[in-house]
$ cat structure.cif   # mmCIF, C-alpha atoms
data_query
loop_
_atom_site.label_atom_id
_atom_site.label_comp_id
_atom_site.auth_asym_id
_atom_site.auth_seq_id
_atom_site.Cartn_x
_atom_site.Cartn_y
_atom_site.Cartn_z
CA MET A 1 -26.71 11.97 -12.11
CA PHE A 2 -24.62 15.05 -11.49
CA LYS A 3 -21.52 14.96 -13.65
CA VAL A 4 -18.88 17.01 -15.47
CA PRO A 5 -18.10 17.01 -19.21
CA LYS A 6 -16.56 13.84 -20.67
CA GLY A 7 -12.78 13.66 -20.28
CA THR A 8 -12.67 16.03 -17.28
CA ILE A 9 -12.71 13.44 -14.49
CA GLU A 10 -11.94 9.77 -15.11
CA GLU A 11 -14.34 8.64 -12.33
CA CYS A 12 -17.22 10.37 -14.13
CA ASP A 13 -16.39 8.63 -17.39
CA GLU A 14 -16.24 5.21 -15.69
CA MET A 15 -19.49 5.83 -13.81
CA GLU A 16 -21.14 6.92 -17.06
CA LYS A 17 -20.35 3.49 -18.54
CA ILE A 18 -21.80 1.73 -15.47
CA VAL A 19 -24.95 3.87 -15.48
CA ARG A 20 -25.45 3.34 -19.21
CA SER A 21 -25.18 -0.44 -18.68
CA VAL A 22 -27.69 -0.36 -15.80
CA GLU A 23 -30.07 1.75 -17.90
CA LYS A 24 -30.03 -0.92 -20.63
CA GLU A 25 -30.50 -3.79 -18.14
CA LEU A 26 -33.40 -2.17 -16.28
CA ASN A 27 -34.89 -0.43 -19.32
CA MET A 28 -34.92 2.96 -17.60
CA LYS A 29 -33.42 6.42 -18.06
CA VAL A 30 -31.17 8.29 -15.60
CA GLU A 31 -31.28 12.08 -15.93
CA ARG A 32 -27.84 13.63 -16.34
CA LEU A 33 -27.02 17.14 -15.15
CA ASP A 34 -23.71 18.76 -16.10
CA ILE A 35 -22.65 20.94 -13.15
CA MET A 36 -19.96 22.77 -15.16
CA ARG A 37 -22.18 23.86 -18.04
CA ASP A 38 -25.55 24.36 -16.37
CA ARG A 39 -25.97 26.89 -13.55
CA PHE A 40 -29.30 25.33 -12.50
CA ALA A 41 -27.60 21.90 -12.25
CA ARG A 42 -24.80 23.41 -10.15
CA ASN A 43 -27.26 25.02 -7.72
CA LEU A 44 -29.25 21.81 -7.45
CA TYR A 45 -26.04 19.82 -6.86
CA GLU A 46 -25.08 22.15 -4.01
CA LYS A 47 -28.52 21.73 -2.41
CA VAL A 48 -28.37 17.93 -2.67
CA ASP A 49 -24.77 17.85 -1.41
CA GLU A 50 -25.74 19.88 1.69
CA ILE A 51 -27.23 16.64 3.06
CA ASP A 52 -23.90 14.75 3.29
CA PHE A 53 -21.27 17.49 2.59
CA VAL A 54 -19.11 15.24 0.38
CA GLY A 55 -18.55 17.56 -2.58
CA LYS A 56 -17.60 14.83 -5.03
CA VAL A 57 -18.69 14.06 -8.59
CA PRO A 58 -20.16 12.01 -10.06
CA LEU A 59 -23.13 12.07 -7.72
CA LEU A 60 -26.08 9.78 -8.26
CA TYR A 61 -29.11 11.01 -6.32
CA HIS A 62 -32.40 9.11 -6.25
CA ARG A 63 -35.26 11.57 -5.70
CA GLU A 64 -37.75 9.03 -4.35
CA SER A 65 -35.51 7.03 -1.99
CA ARG A 66 -33.15 9.97 -1.30
CA GLN A 67 -30.19 7.63 -1.69
CA SER A 68 -26.85 9.04 -2.89
CA ILE A 69 -23.79 7.50 -4.46
CA TYR A 70 -20.70 9.72 -4.58
CA GLY A 71 -17.80 8.94 -6.88
CA LEU A 72 -17.14 5.63 -8.59
CA ASP A 73 -19.02 2.60 -7.24
CA SER A 74 -19.82 -0.97 -8.22
CA LYS A 75 -22.44 -1.88 -10.80
CA ALA A 76 -24.37 -3.84 -8.14
CA ARG A 77 -24.74 -0.74 -5.92
CA VAL A 78 -25.72 1.43 -8.90
CA LYS A 79 -28.33 -1.15 -9.87
CA ALA A 80 -29.72 -1.21 -6.31
CA TRP A 81 -29.72 2.60 -6.29
CA ALA A 82 -31.62 2.69 -9.59
CA LYS A 83 -34.27 0.38 -8.15
CA GLY A 84 -34.63 2.64 -5.09
CA ARG A 85 -33.34 0.01 -2.67
CA PHE A 86 -31.61 0.82 0.62
CA LEU A 87 -27.85 1.23 0.24
CA SER A 88 -25.65 0.32 3.17
CA PRO A 89 -22.95 2.89 4.00
CA ARG A 90 -19.79 2.43 1.99
CA MET A 91 -16.61 2.13 4.04
CA SER A 92 -13.65 4.11 2.73
CA MET A 93 -10.42 2.28 2.07
CA GLY A 94 -7.38 4.24 3.17
CA GLY A 95 -9.40 7.32 4.10
CA GLY A 96 -9.31 9.92 1.36
CA SER A 97 -12.72 11.27 2.29
CA GLY A 98 -11.94 12.17 5.89
CA VAL A 99 -14.49 9.68 7.20
CA SER A 100 -13.03 7.04 9.49
CA SER A 101 -13.86 3.45 8.66
CA GLU A 102 -13.16 2.40 12.24
CA LYS A 103 -16.29 1.64 14.17
CA PHE A 104 -16.90 3.50 17.43
CA VAL A 105 -17.62 0.97 20.15
CA PRO A 106 -18.51 2.56 23.49
CA ASP A 107 -17.41 0.79 26.65
CA GLU A 108 -20.05 -0.71 28.94
CA GLU A 109 -20.37 2.39 31.17
CA GLU A 110 -20.85 4.73 28.18
CA GLN A 111 -23.43 2.37 26.70
CA GLN A 112 -25.36 2.38 30.00
CA GLU A 113 -25.28 6.20 30.09
CA PHE A 114 -26.57 6.45 26.51
CA MET A 115 -29.38 4.03 27.24
CA GLU A 116 -30.39 5.68 30.52
CA GLU A 117 -30.59 9.14 28.95
CA ASP A 118 -33.46 8.01 26.71
CA LEU A 119 -35.48 6.24 29.42
CA THR A 120 -38.59 7.77 30.97
CA GLU A 121 -39.09 7.69 34.74
CA LEU A 122 -41.33 4.64 34.48
CA GLN A 123 -38.86 2.83 32.22
CA GLN A 124 -36.00 3.66 34.61
CA LEU A 125 -38.02 2.28 37.55
CA GLY A 126 -38.80 -0.88 35.59
CA LYS A 127 -35.14 -1.33 34.72
CA GLU A 128 -34.09 -0.95 38.35
CA ARG A 129 -36.69 -3.51 39.48
CA MET A 130 -35.60 -5.98 36.80
CA LEU A 131 -31.96 -5.64 37.92
CA GLU A 132 -32.99 -6.18 41.54
CA ARG A 133 -34.98 -9.28 40.56
CA LEU A 134 -32.08 -10.68 38.54
CA GLU A 135 -29.69 -10.11 41.43
CA SER A 136 -32.04 -11.82 43.90
CA GLU A 137 -32.54 -14.78 41.53
CA ALA A 138 -28.76 -15.08 41.09
CA GLU A 139 -28.25 -15.08 44.87
CA ALA A 140 -31.01 -17.68 45.33
CA SER A 141 -29.48 -20.03 42.77
CA GLU A 142 -26.04 -19.90 44.46
#

$ encode --input "structure.cif" --output "structure tokens"
Amino acid sequence: MFKVPKGTIEECDEMEKIVRSVEKELNMKVERLDIMRDRFARNLYEKVDEIDFVGKVPLLYHRESRQSIYGLDSKARVKAWAKGRFLSPRMSMGGGSGVSSEKFVPDEEEQQEFMEEDLTELQQLGKERMLERLESEAEASE
């Protein structure tokens, strides 16, 4: 857990309480690194943060699963993180992080283009033949 000294950032203090509670429940220990007092911790934080470019503390980083939790989060997510489980992406409410919570949904033509770019020649030929067969079956049933 990358953090700052107690009383500096309220989110860190709240997350500290959650982490301490999870440690007791799971009978485990989370390593804490103070990025304001320890130069090694600061350098390590910058290396870990290069992955997502969030730049927020506290940061919980799981070395084995490579899962990260930035800022304050729920006890359930921290518990899942501690166990090394997959964490679904967290949607931002009101957008303070610059990441849009709106989902990009391509229209049908864009979806076709994306799919066709990844097809090999043989796959493309198979797709064309399947479409031809479907069209002929549709005409026959009419």

$ atom_distance --input "structure.cif" --atom1 "CA of Val48 (chain A)" --atom2 "CA of Val30 (chain A)"
16.4 Å

$ atom_distance --input "structure.cif" --atom1 "CA of Gln123 (chain A)" --atom2 "CA of Glu137 (chain A)"
20.9 Å

$ closest_residue --input "structure.cif" --among "A:Val19, A:Lys6, A:Leu119, A:Met1" --to "Arg63 (chain A)" --atoms "only C-alpha atoms"
A:Met1

$ closest_residue --input "structure.cif" --among "A:Asn43, A:Ser21, A:Thr120, A:Ser136" --to "Ala76 (chain A)" --atoms "only C-alpha atoms"
A:Ser21

$ residues_around --input "structure.cif" --residues "region 67-70 of chain A" --least-positions-apart "2" --cutoff "9 Å" --atoms "all atoms listed in the file" --output "number ranges by chain"
A: 52, 54-65, 72-73, 77-78, 81, 84-87

$ atom_distance --input "structure.cif" --atom1 "CA of Ser88 (chain A)" --atom2 "CA of Asp49 (chain A)"
18.1 Å

$ residues_around --input "structure.cif" --residues "Val4 (chain A)" --least-positions-apart "6" --cutoff "12 Å" --atoms "all atoms listed in the file" --output "VMD selection string"
chain A and resid 10 to 13 15 to 16 32 to 38 41 to 42 45 56 to 59 71
